[in-house]
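A.B. asks: Sharing work_24.cif (mmCIF, C-alpha atoms) below.
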```cif
data_entry
#
loop_
_atom_site.label_atom_id
_atom_site.label_comp_id
_atom_site.auth_asym_id
_atom_site.auth_seq_id
_atom_site.Cartn_x
_atom_site.Cartn_y
_atom_site.Cartn_z
CA MET A 1085 -23.34 19.08 26.48
CA PRO A 1086 -21.12 21.28 28.66
CA GLY A 1087 -19.41 24.27 27.09
CA MET A 1088 -16.28 26.07 28.09
CA THR A 1089 -15.27 29.71 28.07
CA HIS A 1090 -11.92 30.25 26.44
CA ARG A 1091 -9.68 33.26 26.25
CA ARG A 1092 -9.15 34.78 22.84
CA LEU A 1093 -6.06 36.45 21.46
CA MET A 1094 -6.63 38.64 18.43
CA LEU A 1095 -3.54 39.70 16.53
CA PRO A 1096 -3.59 42.42 13.85
CA ALA A 1097 -4.11 41.16 10.30
CA VAL A 1098 -0.83 41.58 8.45
CA ALA A 1099 0.66 39.86 5.44
CA LEU A 1100 3.15 37.90 7.51
CA VAL A 1101 3.27 37.28 11.24
CA THR A 1102 5.05 34.93 13.59
CA LEU A 1103 2.82 32.68 15.66
CA CYS A 1104 2.97 34.00 19.21
CA VAL A 1105 1.49 31.40 21.54
CA ALA A 1106 0.98 31.80 25.26
CA SER A 1107 3.45 29.73 27.30
CA CYS A 1108 6.07 29.93 24.50
CA ALA A 1109 8.95 32.36 24.92
CA THR A 1110 9.48 34.62 21.91
CA THR A 1111 12.45 36.76 21.04
CA SER A 1112 13.20 38.74 17.90
CA GLY A 1113 10.06 37.50 16.14
CA ARG A 1114 10.83 33.83 16.74
CA LEU A 1115 8.68 31.21 18.37
CA ASP A 1116 10.23 28.56 20.60
CA PHE A 1117 8.36 25.26 20.62
CA PRO A 1118 9.21 22.07 22.51
CA GLN A 1119 10.88 19.26 20.62
CA LYS A 1120 8.61 17.18 18.41
CA THR A 1121 7.01 14.26 20.20
CA PRO A 1122 6.21 10.88 18.61
CA HIS A 1123 2.48 11.48 19.18
CA SER A 1124 1.18 13.89 16.58
CA TRP A 1125 -1.09 14.32 13.56
CA PRO A 1126 1.18 16.62 11.51
CA THR A 1127 -0.48 16.26 8.13
CA VAL A 1128 -3.77 15.25 6.51
CA ARG A 1129 -4.61 11.58 7.29
CA CYS A 1130 -1.70 11.54 9.77
CA THR A 1131 1.00 10.26 7.39
CA PRO A 1132 1.89 11.07 3.75
CA ASP A 1133 0.55 7.70 2.56
CA ASN A 1134 -3.03 8.80 3.48
CA ARG A 1135 -3.68 5.55 5.35
CA GLY A 1136 -5.56 7.26 8.19
CA VAL A 1137 -3.90 5.04 10.81
CA ALA A 1138 -2.89 6.49 14.18
CA GLY A 1139 -0.11 4.00 14.90
CA THR A 1140 -0.88 1.36 17.52
CA THR A 1141 -2.40 3.76 20.04
CA GLN A 1142 -5.84 3.01 21.45
CA ALA A 1143 -8.07 6.06 21.33
CA ALA A 1144 -11.04 6.48 23.66
CA ILE A 1145 -14.21 8.56 23.46
CA ASP A 1146 -15.48 7.78 26.96
CA SER A 1147 -16.05 11.44 27.82
CA LEU A 1148 -15.90 14.97 26.50
CA CYS A 1149 -12.59 16.45 27.65
CA TRP A 1150 -13.23 19.92 26.24
CA GLU A 1151 -15.27 21.81 23.68
CA SER A 1152 -14.30 25.10 22.00
CA LYS A 1153 -16.00 27.46 19.58
CA THR A 1154 -14.24 28.14 16.26
CA GLY A 1155 -14.61 31.12 13.96
CA GLY A 1156 -16.19 29.04 11.21
CA GLU A 1157 -16.54 25.56 9.77
CA ALA A 1158 -13.40 23.53 9.16
CA ALA A 1159 -11.93 23.64 5.66
CA SER A 1160 -9.73 20.61 6.33
CA GLU A 1161 -9.04 18.21 9.18
CA PRO A 1162 -6.92 19.83 11.92
CA THR A 1163 -3.27 19.02 12.42
CA VAL A 1164 -1.74 18.48 15.86
CA SER A 1165 1.87 18.73 16.96
CA ASP A 1166 3.67 19.45 20.23
CA GLY A 1167 0.47 20.11 22.14
CA ARG A 1168 -0.94 22.58 19.61
CA LEU A 1169 -3.94 22.00 17.34
CA TYR A 1170 -4.00 23.95 14.04
CA PHE A 1171 -7.47 24.61 12.65
CA SER A 1172 -8.02 25.92 9.12
CA GLY A 1173 -11.40 27.45 8.37
CA HIS A 1174 -13.76 28.44 5.60
CA ASP A 1175 -14.17 31.71 7.52
CA ARG A 1176 -10.70 32.74 6.26
CA ARG A 1177 -9.04 32.14 9.61
CA LEU A 1178 -6.14 30.09 10.88
CA GLU A 1179 -6.70 29.28 14.55
CA VAL A 1180 -4.42 27.55 17.02
CA PHE A 1181 -5.71 25.81 20.16
CA ASP A 1182 -4.01 24.29 23.17
CA ALA A 1183 -4.72 20.61 22.50
CA GLU A 1184 -4.84 19.73 26.18
CA ASN A 1185 -7.46 22.20 27.38
CA GLY A 1186 -9.02 23.75 24.26
CA ASP A 1187 -7.88 27.33 24.87
CA ARG A 1188 -7.50 29.33 21.68
CA VAL A 1189 -4.00 30.81 21.68
CA PHE A 1190 -3.80 32.33 18.21
CA ARG A 1191 -6.11 33.53 15.46
CA GLU A 1192 -5.33 35.28 12.17
CA ARG A 1193 -7.64 36.27 9.32
CA PHE A 1194 -6.82 36.20 5.60
CA ASP A 1195 -8.48 37.25 2.35
CA GLY A 1196 -9.58 33.72 1.46
CA PRO A 1197 -10.40 30.41 3.19
CA VAL A 1198 -7.44 28.58 4.71
CA SER A 1199 -7.54 25.25 2.91
CA GLY A 1200 -5.25 23.13 5.08
CA THR A 1201 -2.21 22.97 7.33
CA LEU A 1202 1.06 21.04 7.47
CA VAL A 1203 3.33 20.93 10.52
CA GLY A 1204 6.98 19.89 10.30
CA ASN A 1205 10.57 21.02 9.79
CA GLY A 1206 10.15 23.52 12.61
CA ALA A 1207 7.30 25.37 10.90
CA ILE A 1208 3.60 25.51 10.13
CA THR A 1209 2.71 25.74 6.43
CA PHE A 1210 -0.76 26.52 5.12
CA LEU A 1211 -2.53 27.60 1.95
CA THR A 1212 -5.13 30.28 1.32
CA ASP A 1213 -7.74 29.64 -1.34
CA GLN A 1214 -9.80 31.43 -4.00
CA VAL A 1215 -8.90 35.04 -3.21
CA GLU A 1216 -5.43 35.27 -1.76
CA GLN A 1217 -3.99 32.16 -3.46
CA ARG A 1218 -0.78 32.09 -1.48
CA ALA A 1219 1.23 29.60 0.55
CA PHE A 1220 2.41 30.82 3.95
CA THR A 1221 5.07 29.33 6.20
CA TYR A 1222 5.52 30.54 9.77
CA GLY A 1223 8.77 29.36 11.33
CA PHE A 1224 9.28 28.20 14.90
CA GLY A 1225 12.42 28.79 16.95
CA PRO A 1226 15.53 29.85 15.00
CA ALA A 1227 13.64 29.66 11.69
CA GLY A 1228 11.67 32.83 12.48
CA ARG A 1229 9.29 34.18 9.88
CA ARG A 1230 9.46 33.15 6.23
CA LEU A 1231 8.11 34.68 3.05
CA SER A 1232 4.89 33.66 1.35
CA PHE A 1233 4.49 32.96 -2.36
CA PRO A 1234 1.64 32.63 -4.90
CA ILE A 1235 0.09 29.24 -5.67
CA PRO A 1236 -2.71 27.92 -7.88
CA PRO A 1237 -6.15 27.94 -6.20
CA SER A 1238 -6.25 24.93 -3.88
CA ALA A 1239 -9.01 23.23 -1.89
CA CYS A 1240 -6.81 20.87 0.13
CA ALA A 1241 -3.81 20.85 2.44
CA PRO A 1242 -0.25 20.89 1.06
CA ARG A 1243 2.06 17.90 1.13
CA ARG A 1244 5.78 18.11 1.86
CA LEU A 1245 7.79 16.40 -0.90
CA THR A 1246 11.28 17.04 0.51
CA ASP A 1247 12.78 19.27 3.17
CA SER A 1248 12.89 22.06 0.60
CA THR A 1249 9.88 21.43 -1.69
CA LEU A 1250 6.13 21.55 -1.24
CA LEU A 1251 3.34 19.94 -3.28
CA VAL A 1252 0.27 22.03 -4.08
CA ALA A 1253 -2.78 20.31 -5.62
CA GLY A 1254 -4.84 22.70 -7.73
CA LEU A 1255 -8.59 23.16 -7.67
CA ARG A 1256 -8.50 23.82 -11.43
CA GLY A 1257 -6.58 20.65 -12.27
CA MET A 1258 -2.88 21.07 -11.57
CA LEU A 1259 -0.07 19.55 -9.51
CA GLN A 1260 2.80 21.87 -8.67
CA SER A 1261 6.07 21.37 -6.82
CA CYS A 1262 7.33 24.58 -5.23
CA ALA A 1263 10.66 25.40 -3.58
CA ALA A 1264 10.76 27.19 -0.22
CA ASP A 1265 11.27 30.52 -1.99
CA GLY A 1266 8.21 29.98 -4.22
CA ARG A 1267 10.13 28.91 -7.31
CA VAL A 1268 8.15 26.36 -9.34
CA VAL A 1269 10.22 23.17 -9.62
CA TRP A 1270 7.71 21.48 -11.92
CA SER A 1271 4.06 21.77 -12.82
CA ARG A 1272 1.64 19.53 -14.69
CA GLU A 1273 -2.02 19.78 -15.60
CA THR A 1274 -4.47 17.03 -14.67
CA GLU A 1275 -7.77 15.86 -16.12
CA GLY A 1276 -9.96 17.52 -13.52
CA PRO A 1277 -9.91 19.31 -10.17
CA ILE A 1278 -7.95 17.79 -7.30
CA LEU A 1279 -10.18 17.95 -4.24
CA SER A 1280 -8.11 16.15 -1.59
CA THR A 1281 -4.44 15.95 -0.66
CA PRO A 1282 -2.54 13.32 -2.72
CA ALA A 1283 -0.66 10.46 -1.10
CA LEU A 1284 3.15 10.31 -1.19
CA VAL A 1285 5.14 7.06 -0.90
CA ASP A 1286 8.76 6.47 -1.97
CA SER A 1287 8.91 9.69 -4.04
CA ILE A 1288 5.74 8.78 -5.96
CA ILE A 1289 2.65 11.00 -5.74
CA TYR A 1290 -0.76 9.28 -5.98
CA ALA A 1291 -3.49 11.78 -6.86
CA ALA A 1292 -7.17 11.62 -7.81
CA SER A 1293 -8.31 13.88 -10.63
CA GLY A 1294 -11.57 13.60 -12.55
CA ARG A 1295 -12.06 9.90 -13.30
CA THR A 1296 -8.40 8.99 -12.95
CA VAL A 1297 -5.85 8.08 -10.31
CA LEU A 1298 -2.37 9.24 -11.28
CA ALA A 1299 1.07 8.12 -10.16
CA ILE A 1300 3.56 10.98 -10.60
CA ASN A 1301 7.32 11.10 -10.00
CA ALA A 1302 7.74 13.62 -7.17
CA ARG A 1303 11.22 14.65 -8.35
CA ASN A 1304 10.35 15.81 -11.86
CA GLY A 1305 6.57 15.57 -12.30
CA THR A 1306 6.64 12.87 -14.98
CA GLU A 1307 3.76 10.42 -15.14
CA VAL A 1308 4.50 6.86 -13.98
CA TRP A 1309 1.03 5.50 -14.76
CA GLN A 1310 -2.64 6.38 -14.66
CA HIS A 1311 -5.76 4.31 -14.05
CA ARG A 1312 -9.12 5.44 -15.34
CA SER A 1313 -12.28 4.60 -13.40
CA THR A 1314 -15.80 4.36 -14.79
CA GLY A 1315 -16.89 6.98 -12.23
CA ALA A 1316 -15.59 10.19 -10.67
CA VAL A 1317 -12.80 9.79 -8.11
CA ARG A 1318 -13.32 12.63 -5.62
CA ALA A 1319 -10.95 11.59 -2.83
CA ALA A 1320 -7.25 10.80 -2.95
CA PRO A 1321 -6.16 7.18 -2.58
CA SER A 1322 -4.44 5.60 0.39
CA VAL A 1323 -1.34 3.48 -0.15
CA LYS A 1324 -0.01 0.42 1.63
CA GLU A 1325 0.86 -2.74 -0.31
CA ARG A 1326 -1.77 -1.55 -2.80
CA VAL A 1327 -3.26 1.75 -3.93
CA TYR A 1328 -6.82 1.87 -2.57
CA PHE A 1329 -9.54 4.26 -3.73
CA GLY A 1330 -13.27 4.46 -4.31
CA SER A 1331 -15.38 5.97 -7.06
CA SER A 1332 -18.88 7.25 -7.82
CA ASP A 1333 -19.40 3.99 -9.73
CA SER A 1334 -19.97 2.24 -6.36
CA LEU A 1335 -16.69 0.35 -6.56
CA VAL A 1336 -13.59 0.19 -4.39
CA TYR A 1337 -10.36 -0.51 -6.25
CA ALA A 1338 -6.95 -1.94 -5.32
CA LEU A 1339 -4.10 -1.25 -7.76
CA ASP A 1340 -0.49 -2.34 -8.01
CA PRO A 1341 1.52 0.72 -6.87
CA LEU A 1342 4.30 0.09 -9.40
CA THR A 1343 2.26 -0.44 -12.56
CA GLY A 1344 -1.27 0.76 -11.84
CA ALA A 1345 -2.65 -2.64 -12.82
CA MET A 1346 -5.89 -3.56 -11.08
CA VAL A 1347 -5.46 -6.26 -8.41
CA TRP A 1348 -9.11 -6.40 -7.35
CA PHE A 1349 -12.30 -4.38 -7.15
CA ALA A 1350 -15.23 -4.69 -4.77
CA SER A 1351 -18.82 -3.57 -5.20
CA VAL A 1352 -20.52 -1.47 -2.51
CA ASP A 1353 -24.05 -0.08 -2.28
CA GLY A 1354 -23.31 3.56 -2.98
CA ALA A 1355 -20.89 6.12 -4.36
CA VAL A 1356 -17.56 6.49 -2.59
CA ALA A 1357 -16.27 10.03 -2.01
CA THR A 1358 -13.84 9.26 0.83
CA THR A 1359 -10.27 8.03 1.17
CA PRO A 1360 -10.14 4.40 2.36
CA VAL A 1361 -8.29 3.47 5.54
CA ALA A 1362 -5.54 0.94 4.81
CA GLY A 1363 -5.14 -1.14 7.97
CA PRO A 1364 -2.92 -4.18 8.58
CA ASP A 1365 -5.41 -6.72 7.20
CA HIS A 1366 -8.49 -4.76 6.17
CA VAL A 1367 -9.44 -1.76 4.07
CA TYR A 1368 -12.16 0.37 5.63
CA VAL A 1369 -14.28 2.66 3.47
CA ALA A 1370 -17.22 4.98 4.16
CA VAL A 1371 -19.92 4.93 1.48
CA ASN A 1372 -22.69 7.38 0.64
CA ASP A 1373 -25.38 4.79 1.37
CA GLY A 1374 -24.58 5.38 5.03
CA SER A 1375 -22.46 2.28 5.52
CA VAL A 1376 -18.88 1.66 6.58
CA TYR A 1377 -17.37 -1.43 4.99
CA ALA A 1378 -14.44 -3.59 6.04
CA LEU A 1379 -12.88 -5.35 3.03
CA ARG A 1380 -10.13 -7.93 3.16
CA ALA A 1381 -6.99 -6.18 1.94
CA ASP A 1382 -5.66 -9.04 -0.18
CA ASP A 1383 -8.78 -9.74 -2.27
CA GLY A 1384 -11.55 -7.22 -1.43
CA THR A 1385 -13.89 -9.73 0.22
CA GLU A 1386 -16.46 -8.00 2.44
CA MET A 1387 -15.81 -8.88 6.09
CA TRP A 1388 -18.47 -6.70 7.72
CA ARG A 1389 -20.70 -3.70 7.15
CA HIS A 1390 -21.98 -1.18 9.68
CA GLU A 1391 -24.97 1.06 8.97
CA THR A 1392 -24.40 4.56 10.38
CA GLY A 1393 -27.84 5.95 9.54
CA ALA A 1394 -26.44 8.95 7.65
CA ILE A 1395 -24.47 9.71 4.49
CA ALA A 1396 -20.94 8.56 5.23
CA ASN A 1397 -18.90 11.23 3.44
CA LEU A 1398 -15.97 11.49 5.88
CA SER A 1399 -13.07 9.06 5.94
CA PRO A 1400 -12.81 6.85 9.04
CA THR A 1401 -9.70 6.72 11.23
CA LEU A 1402 -8.08 3.56 12.62
CA SER A 1403 -6.58 3.58 16.11
CA GLY A 1404 -5.31 0.20 17.25
CA HIS A 1405 -8.27 -2.17 16.95
CA ARG A 1406 -10.83 0.64 16.98
CA LEU A 1407 -12.33 2.39 13.97
CA LEU A 1408 -13.58 5.95 14.50
CA VAL A 1409 -16.34 7.31 12.26
CA ALA A 1410 -17.77 10.86 12.29
CA THR A 1411 -21.14 11.24 10.58
CA ARG A 1412 -23.29 13.93 8.99
CA GLU A 1413 -25.94 13.01 11.56
CA GLY A 1414 -23.77 14.53 14.28
CA ARG A 1415 -22.42 11.33 15.81
CA LEU A 1416 -18.93 10.09 16.62
CA LEU A 1417 -18.85 6.29 16.55
CA MET A 1418 -16.23 3.87 17.82
CA LEU A 1419 -16.40 0.46 16.13
CA ASP A 1420 -14.48 -2.72 16.78
CA ALA A 1421 -12.27 -2.89 13.69
CA VAL A 1422 -12.40 -6.70 13.56
CA SER A 1423 -16.14 -7.27 14.02
CA GLY A 1424 -17.72 -3.90 13.14
CA ILE A 1425 -19.69 -3.90 16.41
CA MET A 1426 -20.21 -0.43 17.88
CA GLU A 1427 -18.44 -0.03 21.21
CA ARG A 1428 -19.31 3.57 22.02
CA GLU A 1429 -21.05 6.65 20.62
CA GLN A 1430 -20.87 10.39 21.30
CA ARG A 1431 -23.26 13.09 20.08
CA LEU A 1432 -22.08 16.37 18.55
CA ARG A 1433 -24.05 19.61 18.37
CA GLY A 1434 -24.26 19.36 14.58
CA PRO A 1435 -23.15 17.30 11.56
CA ALA A 1436 -19.45 16.45 11.61
CA THR A 1437 -17.25 18.29 9.10
CA VAL A 1438 -13.89 16.51 9.46
CA SER A 1439 -12.59 12.99 9.84
CA PRO A 1440 -11.56 12.06 13.40
CA VAL A 1441 -8.02 13.10 14.32
CA VAL A 1442 -6.28 10.90 16.90
CA VAL A 1443 -3.36 11.91 19.11
CA GLY A 1444 -2.45 9.53 21.91
CA ALA A 1445 -5.75 8.46 23.47
CA CYS A 1446 -7.57 11.63 22.40
CA VAL A 1447 -9.94 12.15 19.45
CA PHE A 1448 -10.57 15.55 17.87
CA VAL A 1449 -13.54 16.33 15.62
CA ALA A 1450 -15.44 19.44 14.45
CA ASP A 1451 -19.01 20.14 13.33
CA THR A 1452 -21.18 22.58 11.40
CA LYS A 1453 -22.10 24.44 14.61
CA ARG A 1454 -18.54 25.80 14.71
CA ARG A 1455 -17.56 23.53 17.55
CA LEU A 1456 -14.26 21.74 18.05
CA TYR A 1457 -14.31 18.75 20.40
CA CYS A 1458 -11.76 16.65 22.23
CA PHE A 1459 -12.94 13.24 23.48
CA GLY A 1460 -10.83 10.87 25.53
CA PRO A 1461 -10.70 8.43 28.44
CA GLY A 1462 -11.88 9.26 31.95
CA HIS A 1463 -13.98 12.22 32.96
CA SER A 1464 -11.88 15.34 32.49
CA ALA A 1465 -9.10 16.89 30.45
CA SER A 1466 -6.61 15.89 33.15
CA ASN A 1467 -7.28 12.25 32.23
CA ALA A 1468 -6.57 12.80 28.56
CA GLN A 1469 -3.34 14.76 28.37
CA ILE A 1470 -1.67 15.24 25.00
CA PRO A 1471 1.80 13.68 24.94
#
```
Just give me the structure of the file as structure tokens.

C.D. replies:
Amino acid sequence: MPGMTHRRLMLPAVALVTLCVASCATTSGRLDFPQKTPHSWPTVRCTPDNRGVAGTTQAAIDSLCWESKTGGEAASEPTVSDGRLYFSGHDRRLEVFDAENGDRVFRERFDGPVSGTLVGNGAITFLTDQVEQRAFTYGFGPAGRRLSFPIPPSACAPRRLTDSTLLVAGLRGMLQSCAADGRVVWSRETEGPILSTPALVDSIIYAASGRTVLAINARNGTEVWQHRSTGAVRAAPSVKERVYFGSSDSLVYALDPLTGAMVWFASVDGAVATTPVAGPDHVYVAVNDGSVYALRADDGTEMWRHETGAIANLSPTLSGHRLLVATREGRLLMLDAVSGIMEREQRLRGPATVSPVVVGACVFVADTKRRLYCFGPGHSASNAQIP
């Protein structure tokens, strides 16, 4: 697999810096970015509802557009906005890459792993875990630099609740709403650790903690309902007409989003530790037996099953009528979302570490060999430009 040599820009490690990216004019500690485009992956699972759906775009993995080396393994799926890819790592680094050609344009090291990123409101927000335990926001353009503030230890990316509040999900069992200045708006303990970023729909937070899925009012932190599973729920739900999640009890559940009442459940042949993809007509879920299932969204009937040959512990991504699956066997698969038939496959250097991220026709994925890949149509990066 061809490699590429990329320039590196090392900035001094300081408590707060302003992202200074090549090709962006900076003045007085401010970063000027182009206007936000409609093609982006600004938050975990693309949208706050965790559906893992990249609009109606049709991604392609015909060829490797570029490959870059990262400082360490990914701590969370990358985010992409305005031609920049933000990569958070277990090696305690935040790295920024040019999404079109794979050049690294920024790198900063912290005292703890960077657990996830969020792009929006003219800024990049990210959390540091275990050691530093702080939330950082770097402003773009007129916003300039902003202060950081302490947070509970977190293993997942933040979620924006409003223009002025941020949701932090705690590794020790806590949900916390924080204002931009770090003031705690509300905080509530949960049954167990929260390992993945909760969903947010219509001011209701849907989080997985221990054996329960919780619905929490985002304005004041009060509980709307909770549903207890017979197994551990390790991944946050996705939300469309229903609240979809899987459990270690080898079941996939669909709940009423208003009441938490169970609408249906479906049995699969292994524990589920991933967030389901909620498509227009089907729910897609990766299961630890190595299979990806397509279930009918209205009643949970199994429509098809595809055997990947490896533990399926990463959530799939839906792009138009194509389902993208990254596996621990080091493969990136493209399946027909209606039939489950594999259309194309690409090999990685090592086991995949993040769910596929789709922007336009391009697919981004990372592996345990500290490699970040961009796949797309055609035969070169010029054929797969980021909108």

A.B. asks: Using all atoms listed in the file and a cutoff of 10 Å, can you tell me which residues are near (-1.6, 2.2, -5.1) in the file's coordinates, and write them out as number ranges by chain?

C.D. replies: A: 1133, 1283, 1285, 1288-1291, 1297-1299, 1321-1329, 1337-1347

A.B. asks: Using atom CA of A:Asp1382 and atom CA of A:Asp1365 as the two end points, give the distance in Å to one decimal.

C.D. replies: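 Computing the Euclidean distance for atom CA of A:Asp1382 and atom CA of A:Asp1365 yields 7.7 Å.
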
A.B. asks: Using only C-alpha atoms, can you tell me which of A:Thr1296, A:Thr1411, A:Thr1452, A:Thr1358 comes closest to A:Gln1430?

C.D. replies: A:Thr1411

A.B. asks: When you look at A:Ser1351 with a cut-off of 8 Å (counting only C-alpha atoms), what residues show up, excluding the ones that are within fewer than 4 positions of it in the same chain? I need them as a ChimeraX atom specification.

C.D. replies: /A:1334-1336

A.B. asks: Applying 9 Å and all atoms listed in the file, which residues near stretch 1235-1237 of chain A remain after dropping the ones on its own chain fewer than 2 positions away? List them as number ranges by chain.

C.D. replies: A: 1211-1219, 1233, 1239, 1252-1256, 1258-1260, 1262, 1266

A.B. asks: Based on the selection just made, write C-alpha atoms of those residues as a compact mmCIF listing (two decimals), keeping the file's coordinate frame.

C.D. replies:
```txt
# COMPACT_ATOMS: atom_id res chain seq x y z
CA LEU A 1211 -2.53 27.60 1.95
CA THR A 1212 -5.13 30.28 1.32
CA ASP A 1213 -7.74 29.64 -1.34
CA GLN A 1214 -9.80 31.43 -4.00
CA VAL A 1215 -8.90 35.04 -3.21
CA GLU A 1216 -5.43 35.27 -1.76
CA GLN A 1217 -3.99 32.16 -3.46
CA ARG A 1218 -0.78 32.09 -1.48
CA ALA A 1219 1.23 29.60 0.55
CA PHE A 1233 4.49 32.96 -2.36
CA ALA A 1239 -9.01 23.23 -1.89
CA VAL A 1252 0.27 22.03 -4.08
CA ALA A 1253 -2.78 20.31 -5.62
CA GLY A 1254 -4.84 22.70 -7.73
CA LEU A 1255 -8.59 23.16 -7.67
CA ARG A 1256 -8.50 23.82 -11.43
CA MET A 1258 -2.88 21.07 -11.57
CA LEU A 1259 -0.07 19.55 -9.51
CA GLN A 1260 2.80 21.87 -8.67
CA CYS A 1262 7.33 24.58 -5.23
CA GLY A 1266 8.21 29.98 -4.22
```

A.B. asks: To verify the selection step, state as a ChimeraX atom specification which residues the PyMOL selection byres ((chain A and resi 1402) around 8) yields on this input.

C.D. replies: /A:1136-1138,1361,1363,1400-1401,1403-1408,1421

A.B. asks: Return as JSON lines the residues of stretch 1262-1318 of chain A lying at most 12 Å from stretch 1142-1164 of chain A, together with the closest atom-to-atom pair for each and the distance in Å to one decimal, counting all atoms listed in the file, with rows in chain order and ascending residue number.

C.D. replies:
```
{"residue": "A:Leu1279", "atom": "CA", "partner": "A:Ser1160", "partner_atom": "CA", "distance": 10.9}
{"residue": "A:Ser1280", "atom": "CA", "partner": "A:Ser1160", "partner_atom": "CA", "distance": 9.2}
{"residue": "A:Thr1281", "atom": "CA", "partner": "A:Ser1160", "partner_atom": "CA", "distance": 9.9}
```

A.B. asks: How many Å lie between atom CA of A:Arg1168 and atom CA of A:Ala1357, rounded to one decimal?

C.D. replies: 29.3 Å

A.B. asks: Quote the spacing between atom CA of A:Val1308 and atom CA of A:Glu1275 in Å to one decimal place.

C.D. replies: 15.4 Å
